$ cat my_file.pdb   # PDB, C-alpha atoms
ATOM      1  CA  MET A   1      36.887 -10.717  22.272
ATOM      2  CA  ASP A   2      36.492  -7.055  21.340
ATOM      3  CA  VAL A   3      38.450  -5.324  24.114
ATOM      4  CA  VAL A   4      40.784  -6.369  26.928
ATOM      5  CA  THR A   5      41.513  -3.910  29.726
ATOM      6  CA  PHE A   6      43.170  -4.125  33.129
ATOM      7  CA  GLY A   7      43.637  -1.966  36.199
ATOM      8  CA  GLU A   8      42.532  -1.289  39.748
ATOM      9  CA  THR A   9      38.881  -1.137  40.754
ATOM     10  CA  MET A  10      37.931  -0.058  44.262
ATOM     11  CA  VAL A  11      34.818  -0.152  46.382
ATOM     12  CA  LEU A  12      33.248   3.317  46.295
ATOM     13  CA  PHE A  13      31.214   4.780  49.149
ATOM     14  CA  TYR A  14      29.289   8.003  48.651
ATOM     15  CA  PRO A  15      27.155   9.706  51.320
ATOM     16  CA  ALA A  16      23.433  10.277  51.265
ATOM     17  CA  THR A  17      24.018  13.914  52.291
ATOM     18  CA  VAL A  18      25.926  16.844  50.825
ATOM     19  CA  GLY A  19      28.816  18.282  52.822
ATOM     20  CA  PRO A  20      31.908  17.155  54.758
ATOM     21  CA  LEU A  21      32.258  13.412  55.262
ATOM     22  CA  ARG A  22      32.638  13.881  59.021
ATOM     23  CA  PHE A  23      28.923  14.674  59.179
ATOM     24  CA  ALA A  24      27.801  11.833  56.897
ATOM     25  CA  GLY A  25      26.006   8.968  58.595
ATOM     26  CA  GLN A  26      24.783   6.887  55.670
ATOM     27  CA  PHE A  27      26.628   5.746  52.556
ATOM     28  CA  ALA A  28      25.720   3.899  49.377
ATOM     29  CA  LYS A  29      28.185   1.262  48.170
ATOM     30  CA  THR A  30      29.209   0.734  44.555
ATOM     31  CA  ILE A  31      32.470   0.413  42.609
ATOM     32  CA  GLY A  32      34.802   2.735  40.735
ATOM     33  CA  GLY A  33      37.794   2.268  38.480
ATOM     34  CA  ALA A  34      38.580   3.740  35.077
ATOM     35  CA  GLU A  35      39.187   0.418  33.343
ATOM     36  CA  SER A  36      36.154  -1.380  34.780
ATOM     37  CA  ASN A  37      34.050   1.716  34.028
ATOM     38  CA  LEU A  38      35.010   1.350  30.377
ATOM     39  CA  ALA A  39      34.433  -2.410  30.448
ATOM     40  CA  ILE A  40      30.926  -2.040  31.857
ATOM     41  CA  ALA A  41      30.020   0.738  29.426
ATOM     42  CA  LEU A  42      31.206  -1.374  26.483
ATOM     43  CA  ALA A  43      29.324  -4.444  27.692
ATOM     44  CA  ARG A  44      26.118  -2.412  27.915
ATOM     45  CA  LEU A  45      26.695  -1.314  24.319
ATOM     46  CA  GLY A  46      26.778  -4.950  23.244
ATOM     47  CA  HIS A  47      30.504  -5.733  23.082
ATOM     48  CA  GLN A  48      32.602  -8.578  24.444
ATOM     49  CA  VAL A  49      35.127  -7.231  26.920
ATOM     50  CA  SER A  50      37.465  -8.760  29.479
ATOM     51  CA  TRP A  51      38.623  -6.939  32.617
ATOM     52  CA  VAL A  52      41.730  -8.203  34.433
ATOM     53  CA  SER A  53      42.968  -7.195  37.862
ATOM     54  CA  ARG A  54      44.085  -8.326  41.301
ATOM     55  CA  LEU A  55      41.555  -8.113  44.119
ATOM     56  CA  GLY A  56      41.858  -8.898  47.781
ATOM     57  CA  ASP A  57      40.573 -12.327  48.758
ATOM     58  CA  ASP A  58      37.998 -10.582  50.916
ATOM     59  CA  GLU A  59      34.357  -9.548  50.925
ATOM     60  CA  PHE A  60      35.059  -6.316  49.042
ATOM     61  CA  GLY A  61      37.008  -8.240  46.403
ATOM     62  CA  LEU A  62      34.081 -10.592  45.872
ATOM     63  CA  PHE A  63      31.727  -7.613  45.694
ATOM     64  CA  VAL A  64      33.820  -5.939  42.991
ATOM     65  CA  ARG A  65      34.197  -9.145  40.935
ATOM     66  CA  ASN A  66      30.510 -10.009  41.212
ATOM     67  CA  PHE A  67      29.401  -6.484  40.315
ATOM     68  CA  ILE A  68      31.527  -6.361  37.167
ATOM     69  CA  ARG A  69      30.712  -9.939  36.164
ATOM     70  CA  GLY A  70      27.017  -9.159  36.670
ATOM     71  CA  GLU A  71      27.310  -6.463  34.009
ATOM     72  CA  GLY A  72      28.307  -9.055  31.410
ATOM     73  CA  VAL A  73      32.067  -8.437  31.560
ATOM     74  CA  ASP A  74      34.456 -11.407  31.475
ATOM     75  CA  THR A  75      36.249 -11.581  34.846
ATOM     76  CA  SER A  76      37.684 -15.078  34.496
ATOM     77  CA  HIS A  77      41.281 -13.794  34.554
ATOM     78  CA  VAL A  78      40.938 -11.843  37.820
ATOM     79  CA  VAL A  79      43.440 -12.937  40.493
ATOM     80  CA  PHE A  80      42.396 -13.047  44.173
ATOM     81  CA  ASP A  81      45.268 -12.095  46.466
ATOM     82  CA  PRO A  82      45.143 -13.541  50.014
ATOM     83  CA  GLU A  83      47.862 -11.205  51.301
ATOM     84  CA  HIS A  84      46.656  -7.740  50.239
ATOM     85  CA  PRO A  85      43.265  -6.005  50.503
ATOM     86  CA  THR A  86      40.826  -4.572  48.019
ATOM     87  CA  ALA A  87      41.101  -0.767  48.010
ATOM     88  CA  VAL A  88      38.253   1.599  48.900
ATOM     89  CA  PHE A  89      37.517   5.270  48.282
ATOM     90  CA  PHE A  90      34.953   7.872  49.277
ATOM     91  CA  LYS A  91      33.285  10.761  47.480
ATOM     92  CA  GLU A  92      32.367  13.931  49.367
ATOM     93  CA  ARG A  93      29.434  15.613  47.666
ATOM     94  CA  GLN A  94      29.511  19.410  47.300
ATOM     95  CA  HIS A  95      26.807  21.787  46.103
ATOM     96  CA  GLY A  96      27.500  22.931  42.556
ATOM     97  CA  LYS A  97      31.008  21.457  42.479
ATOM     98  CA  GLU A  98      32.736  18.244  41.572
ATOM     99  CA  PRO A  99      32.882  15.843  44.515
ATOM    100  CA  LYS A 100      36.059  15.562  46.544
ATOM    101  CA  VAL A 101      37.571  12.086  46.408
ATOM    102  CA  TYR A 102      39.463  10.342  49.217
ATOM    103  CA  TYR A 103      41.431   7.192  48.347
ATOM    104  CA  TYR A 104      42.519   4.360  50.631
ATOM    105  CA  ARG A 105      44.502   2.244  48.189
ATOM    106  CA  LYS A 106      48.096   2.037  49.449
ATOM    107  CA  GLY A 107      49.261  -1.586  49.622
ATOM    108  CA  SER A 108      46.214  -2.844  47.732
ATOM    109  CA  ALA A 109      46.065  -6.149  45.892
ATOM    110  CA  ALA A 110      45.874  -4.346  42.538
ATOM    111  CA  SER A 111      49.145  -2.537  43.232
ATOM    112  CA  ARG A 112      50.760  -5.999  43.264
ATOM    113  CA  MET A 113      49.793  -6.814  39.659
ATOM    114  CA  GLN A 114      52.483  -8.782  37.823
ATOM    115  CA  PRO A 115      53.180  -9.172  34.069
ATOM    116  CA  GLU A 116      52.096 -12.815  34.198
ATOM    117  CA  ASP A 117      48.635 -11.727  35.398
ATOM    118  CA  ILE A 118      47.848 -10.474  31.866
ATOM    119  CA  SER A 119      47.599 -13.470  29.554
ATOM    120  CA  GLU A 120      49.219 -13.008  26.152
ATOM    121  CA  GLN A 121      46.673 -15.434  24.714
ATOM    122  CA  LEU A 122      43.825 -13.274  26.016
ATOM    123  CA  ILE A 123      45.314 -10.133  24.470
ATOM    124  CA  ALA A 124      45.936 -11.939  21.177
ATOM    125  CA  GLN A 125      42.197 -12.681  20.881
ATOM    126  CA  ALA A 126      41.200  -9.024  21.221
ATOM    127  CA  LYS A 127      40.720  -6.259  18.674
ATOM    128  CA  PHE A 128      41.827  -3.563  21.166
ATOM    129  CA  LEU A 129      43.926  -3.460  24.330
ATOM    130  CA  HIS A 130      42.812  -0.548  26.526
ATOM    131  CA  ILE A 131      45.200   0.853  29.144
ATOM    132  CA  THR A 132      45.299   3.922  31.377
ATOM    133  CA  GLY A 133      47.938   6.073  33.016
ATOM    134  CA  ILE A 134      46.671   5.127  36.472
ATOM    135  CA  THR A 135      48.202   1.639  36.380
ATOM    136  CA  PRO A 136      51.881   2.631  35.936
ATOM    137  CA  ALA A 137      51.557   5.042  38.867
ATOM    138  CA  LEU A 138      50.503   2.324  41.321
ATOM    139  CA  SER A 139      53.835   0.476  41.635
ATOM    140  CA  ALA A 140      56.928  -0.675  39.762
ATOM    141  CA  SER A 141      55.356  -4.074  39.098
ATOM    142  CA  CYS A 142      52.204  -2.432  37.717
ATOM    143  CA  ARG A 143      54.333  -0.297  35.414
ATOM    144  CA  GLU A 144      56.193  -3.349  34.151
ATOM    145  CA  THR A 145      52.885  -5.171  33.699
ATOM    146  CA  LEU A 146      51.597  -2.342  31.499
ATOM    147  CA  TYR A 147      54.726  -2.178  29.341
ATOM    148  CA  GLN A 148      54.745  -5.926  28.826
ATOM    149  CA  ALA A 149      51.044  -5.876  27.939
ATOM    150  CA  ILE A 150      51.797  -3.340  25.202
ATOM    151  CA  ASP A 151      54.553  -5.618  23.901
ATOM    152  CA  LYS A 152      52.171  -8.587  23.905
ATOM    153  CA  ALA A 153      49.606  -6.602  21.924
ATOM    154  CA  ARG A 154      52.264  -5.498  19.430
ATOM    155  CA  ARG A 155      53.337  -9.083  18.795
ATOM    156  CA  HIS A 156      49.769  -9.923  17.759
ATOM    157  CA  GLN A 157      48.922  -6.694  15.867
ATOM    158  CA  VAL A 158      46.331  -5.721  18.480
ATOM    159  CA  SER A 159      45.623  -1.979  18.548
ATOM    160  CA  VAL A 160      46.544  -0.294  21.837
ATOM    161  CA  VAL A 161      44.304   2.494  23.172
ATOM    162  CA  PHE A 162      45.746   4.709  25.891
ATOM    163  CA  ASP A 163      43.782   7.048  28.171
ATOM    164  CA  PRO A 164      46.326   9.000  30.272
ATOM    165  CA  ASN A 165      43.876   9.461  33.168
ATOM    166  CA  VAL A 166      46.458  11.531  35.056
ATOM    167  CA  ARG A 167      46.295  11.102  38.846
ATOM    168  CA  LEU A 168      48.812  13.504  40.415
ATOM    169  CA  LYS A 169      47.947  12.191  43.883
ATOM    170  CA  LEU A 170      49.845   9.045  42.878
ATOM    171  CA  TRP A 171      53.085  10.559  41.537
ATOM    172  CA  LYS A 172      54.974  13.754  40.783
ATOM    173  CA  LYS A 173      54.107  15.822  37.718
ATOM    174  CA  ALA A 174      57.550  15.487  36.076
ATOM    175  CA  GLU A 175      57.598  11.708  36.433
ATOM    176  CA  ALA A 176      54.016  11.432  35.222
ATOM    177  CA  ARG A 177      54.774  13.530  32.122
ATOM    178  CA  SER A 178      57.886  11.505  31.242
ATOM    179  CA  VAL A 179      56.331   8.065  31.721
ATOM    180  CA  LEU A 180      52.984   8.872  30.126
ATOM    181  CA  MET A 181      54.555  10.443  27.036
ATOM    182  CA  ASP A 182      56.721   7.346  26.656
ATOM    183  CA  ILE A 183      53.660   5.120  26.898
ATOM    184  CA  ALA A 184      51.751   7.311  24.428
ATOM    185  CA  SER A 185      54.578   6.922  21.903
ATOM    186  CA  ARG A 186      54.024   3.147  21.938
ATOM    187  CA  CYS A 187      50.247   3.251  21.448
ATOM    188  CA  ASP A 188      47.968   3.510  18.429
ATOM    189  CA  ILE A 189      45.249   5.750  19.871
ATOM    190  CA  VAL A 190      45.666   8.311  22.678
ATOM    191  CA  LEU A 191      42.643   9.788  24.485
ATOM    192  CA  PRO A 192      43.689  12.649  26.794
ATOM    193  CA  GLY A 193      41.522  15.292  28.372
ATOM    194  CA  ARG A 194      42.519  18.838  27.438
ATOM    195  CA  GLU A 195      44.331  19.549  30.725
ATOM    196  CA  GLU A 196      46.121  16.215  30.437
ATOM    197  CA  GLY A 197      47.175  17.104  26.914
ATOM    198  CA  VAL A 198      48.628  20.400  28.136
ATOM    199  CA  LEU A 199      50.480  18.605  30.930
ATOM    200  CA  LEU A 200      51.962  15.977  28.617
ATOM    201  CA  THR A 201      52.944  18.171  25.680
ATOM    202  CA  GLY A 202      53.357  21.673  27.083
ATOM    203  CA  GLU A 203      51.107  22.950  24.286
ATOM    204  CA  GLU A 204      47.923  24.983  24.806
ATOM    205  CA  ARG A 205      46.238  24.846  21.401
ATOM    206  CA  GLU A 206      44.179  21.750  20.701
ATOM    207  CA  LYS A 207      45.656  21.079  17.290
ATOM    208  CA  ARG A 208      49.195  21.451  18.620
ATOM    209  CA  ILE A 209      48.510  19.043  21.486
ATOM    210  CA  CYS A 210      47.331  16.444  18.993
ATOM    211  CA  ASP A 211      50.242  17.140  16.643
ATOM    212  CA  ARG A 212      52.798  16.641  19.409
ATOM    213  CA  LEU A 213      51.286  13.293  20.373
ATOM    214  CA  LEU A 214      51.139  12.212  16.731
ATOM    215  CA  GLU A 215      54.771  13.220  16.282
ATOM    216  CA  SER A 216      55.684  11.062  19.285
ATOM    217  CA  GLY A 217      54.351   7.958  17.540
ATOM    218  CA  ALA A 218      50.571   7.728  18.035
ATOM    219  CA  LYS A 219      48.455   7.055  14.944
ATOM    220  CA  SER A 220      45.501   9.085  16.167
ATOM    221  CA  VAL A 221      44.613  11.363  19.074
ATOM    222  CA  VAL A 222      41.213  12.299  20.469
ATOM    223  CA  LEU A 223      41.245  15.262  22.846
ATOM    224  CA  LYS A 224      38.294  15.280  25.252
ATOM    225  CA  LEU A 225      36.935  18.823  25.773
ATOM    226  CA  GLY A 226      34.103  18.323  28.277
ATOM    227  CA  GLU A 227      30.880  20.097  27.338
ATOM    228  CA  ARG A 228      32.543  21.314  24.116
ATOM    229  CA  GLY A 229      32.814  17.762  22.816
ATOM    230  CA  ALA A 230      36.107  16.516  21.406
ATOM    231  CA  PHE A 231      38.787  17.289  18.834
ATOM    232  CA  TYR A 232      40.457  14.473  16.912
ATOM    233  CA  ALA A 233      43.451  14.269  14.603
ATOM    234  CA  THR A 234      45.040  11.351  12.776
ATOM    235  CA  ALA A 235      48.411  10.637  11.217
ATOM    236  CA  ALA A 236      46.574  10.488   7.883
ATOM    237  CA  GLY A 237      45.803  14.204   8.157
ATOM    238  CA  GLU A 238      42.230  14.185   9.440
ATOM    239  CA  ALA A 239      41.428  16.818  12.065
ATOM    240  CA  GLU A 240      38.018  17.987  13.242
ATOM    241  CA  HIS A 241      36.105  19.288  16.241
ATOM    242  CA  VAL A 242      32.981  17.254  17.106
ATOM    243  CA  PRO A 243      30.454  19.114  19.327
ATOM    244  CA  GLY A 244      29.195  17.639  22.577
ATOM    245  CA  PHE A 245      25.636  16.821  23.622
ATOM    246  CA  PRO A 246      23.540  19.059  25.880
ATOM    247  CA  VAL A 247      22.827  17.738  29.376
ATOM    248  CA  THR A 248      19.878  19.178  31.306
ATOM    249  CA  GLU A 249      21.417  18.584  34.757
ATOM    250  CA  ILE A 250      24.913  17.466  35.726
ATOM    251  CA  VAL A 251      24.840  15.298  38.854
ATOM    252  CA  ASP A 252      28.354  13.771  38.914
ATOM    253  CA  PRO A 253      31.044  14.260  36.236
ATOM    254  CA  ILE A 254      33.226  11.326  37.325
ATOM    255  CA  GLY A 255      33.105   8.476  34.820
ATOM    256  CA  ALA A 256      32.265  10.670  31.827
ATOM    257  CA  GLY A 257      35.737  10.319  30.292
ATOM    258  CA  ASP A 258      35.596   6.536  30.576
ATOM    259  CA  GLY A 259      32.130   6.599  29.029
ATOM    260  CA  PHE A 260      33.510   8.682  26.168
ATOM    261  CA  ALA A 261      36.289   6.138  25.586
ATOM    262  CA  ALA A 262      33.757   3.298  25.569
ATOM    263  CA  GLY A 263      31.480   5.053  23.098
ATOM    264  CA  PHE A 264      34.396   5.928  20.837
ATOM    265  CA  LEU A 265      35.680   2.330  20.828
ATOM    266  CA  SER A 266      32.150   1.057  20.245
ATOM    267  CA  GLY A 267      31.963   3.217  17.128
ATOM    268  CA  LEU A 268      35.287   1.887  15.824
ATOM    269  CA  LEU A 269      34.209  -1.706  16.549
ATOM    270  CA  ARG A 270      31.076  -1.078  14.501
ATOM    271  CA  GLY A 271      33.178   0.098  11.581
ATOM    272  CA  TRP A 272      32.121   3.730  11.829
ATOM    273  CA  THR A 273      34.211   6.689  10.693
ATOM    274  CA  TYR A 274      36.340   8.540  13.225
ATOM    275  CA  ARG A 275      33.896  11.428  13.310
ATOM    276  CA  GLU A 276      30.954   9.088  13.944
ATOM    277  CA  ALA A 277      32.885   7.217  16.649
ATOM    278  CA  VAL A 278      33.877  10.451  18.409
ATOM    279  CA  ARG A 279      30.282  11.635  18.270
ATOM    280  CA  LEU A 280      29.120   8.408  19.934
ATOM    281  CA  GLY A 281      31.826   8.904  22.556
ATOM    282  CA  ASN A 282      30.460  12.369  23.294
ATOM    283  CA  ARG A 283      26.991  10.913  23.683
ATOM    284  CA  ILE A 284      27.938   8.105  26.076
ATOM    285  CA  GLY A 285      30.034  10.514  28.139
ATOM    286  CA  ALA A 286      27.025  12.808  28.470
ATOM    287  CA  TYR A 287      24.902   9.985  29.883
ATOM    288  CA  ALA A 288      27.460   9.416  32.643
ATOM    289  CA  LEU A 289      26.933  12.957  33.935
ATOM    290  CA  THR A 290      23.309  12.411  34.833
ATOM    291  CA  VAL A 291      23.564  10.178  37.941
ATOM    292  CA  ALA A 292      25.719   9.740  41.054
ATOM    293  CA  GLY A 293      28.253   6.923  40.838
ATOM    294  CA  ASP A 294      30.826   6.078  38.205
ATOM    295  CA  VAL A 295      28.942   3.525  36.072
ATOM    296  CA  GLU A 296      25.257   3.874  36.899
ATOM    297  CA  GLY A 297      24.551   6.330  34.084
ATOM    298  CA  TYR A 298      26.001   4.328  31.191
ATOM    299  CA  PRO A 299      23.251   3.443  28.687
ATOM    300  CA  PHE A 300      22.428   0.203  26.919
ATOM    301  CA  TRP A 301      22.533   0.135  23.124
ATOM    302  CA  SER A 302      18.723  -0.011  22.967
ATOM    303  CA  GLN A 303      18.601   3.386  24.712
ATOM    304  CA  ILE A 304      21.035   4.904  22.221
ATOM    305  CA  SER A 305      18.892   3.882  19.286
ATOM    306  CA  SER A 306      15.662   5.157  20.845
ATOM    307  CA  ASP A 307      16.597   8.313  22.813
ATOM    308  CA  SER A 308      16.519  11.824  21.438
ATOM    309  CA  GLU A 309      19.703  13.787  20.780
ATOM    310  CA  GLU A 310      19.431  15.594  24.117
ATOM    311  CA  VAL A 311      20.550  13.626  27.161
ATOM    312  CA  HIS A 312      18.121  13.938  30.068
ATOM    313  CA  ARG A 313      18.500  12.933  33.659
TER     314      ARG A 313
END

$ encode --input "my_file.pdb" --output "structure tokens"
Amino acid sequence: MDVVTFGETMVLFYPATVGPLRFAGQFAKTIGGAESNLAIALARLGHQVSWVSRLGDDEFGLFVRNFIRGEGVDTSHVVFDPEHPTAVFFKERQHGKEPKVYYYRKGSAASRMQPEDISEQLIAQAKFLHITGITPALSASCRETLYQAIDKARRHQVSVVFDPNVRLKLWKKAEARSVLMDIASRCDIVLPGREEGVLLTGEEREKRICDRLLESGAKSVVLKLGERGAFYATAAGEAEHVPGFPVTEIVDPIGAGDGFAAGFLSGLLRGWTYREAVRLGNRIGAYALTVAGDVEGYPFWSQISSDSEEVHR
């Protein structure tokens, strides 16, 4: 197993029309969740990845499991919960702006995740454990599950990759900063967006953001900078800005950060240098911008080897 990840995935509905949801009459149905986004992107790039979660024992839960399993991701450790539902969310499309997102996730099956849901044996078989800052915000049991998963990875020398994925709709800024910085201090690789880096460290300059996270205990930090690419720094003293890839038309930016993380991990799994891995992350993230939906834009490895440097719709 190359990567193990876990977290909540929801059924995503997005309207056929642009404008307020109250006027929308038709919706397309897909899925969305940071961890499953990464899992699907990695599977398309040719890697073995396992996604773990709790889903409602309902039609939406089966839809989510079947969708992710159909992408070649191992879902054999998913738990179906007969007492709590699968969460859903909606995107409201806006002209020239990021879509508004409306979540209906309170009391979901995934918010009931328990430490025993994440098998230590499964983690021990992996090269990387991938976690996000969404999970500890869902509930006390989810937070404990995440901390114990880190401990399990540590016992087996499995590298832990942390994407803060800050969701301030789920908790207060002060609590988020405190908990996420503590988690970052326990991880090997931290992958914040620039605004997340500012929130966590209080620093504005890219190098200082990375330095603060390295000082807290991380071995390397990759700061995602959107269209500008990414800046990375390591405890060994490496530090470099890696430019992004041009995109002819941005349709939906959601999922780009997860695509970046997948591309970056794919590069590391292939034995590439940090710069090469970050560059691949930039490229996969750019693909995600070109279609509606969280995962639909992620490319297969055959596309990466044949496409030009510019990412087209």

$ residues_around --input "my_file.pdb" --residues "Leu146 in chain A" --least-positions-apart "4" --cutoff "8 Å" --atoms "only C-alpha atoms" --output "number ranges by chain"
A: 115, 131, 135-136, 142, 150

$ residues_around --input "my_file.pdb" --residues "Arg65 in chain A" --least-positions-apart "6" --cutoff "9 Å" --atoms "all atoms listed in the file" --output "list in words"
Leu55, Thr75 and Val78 of chain A

$ atom_distance --input "my_file.pdb" --atom1 "CA of Asp258 in chain A" --atom2 "CA of Gly285 in chain A"
7.3 Å

$ residues_around --input "my_file.pdb" --residues "Gln94 in chain A" --least-positions-apart "2" --cutoff "12 Å" --atoms "all atoms listed in the file" --output "number ranges by chain"
A: 14-21, 91-92, 96-101, 251-252

$ residues_around --input "my_file.pdb" --residues "Gly107 in chain A" --least-positions-apart "3" --cutoff "8 Å" --atoms "only C-alpha atoms" --output "count of residues only"
4

$ resolve_selection --input "my_file.pdb" --expression "the PyMOL selection byres ((chain A and resi 236-245) around 10)" --output "NGL selection string"
:A and (206-207 or 210-211 or 219-235 or 246-248 or 274-276 or 278-287 or 309-311)

$ resolve_selection --input "my_file.pdb" --expression "the PyMOL selection byres ((chain A and resi 300) around 12)" --output "count of residues only"
29

$ atom_distance --input "my_file.pdb" --atom1 "CA of Asp151 in chain A" --atom2 "CA of Val179 in chain A"
15.9 Å
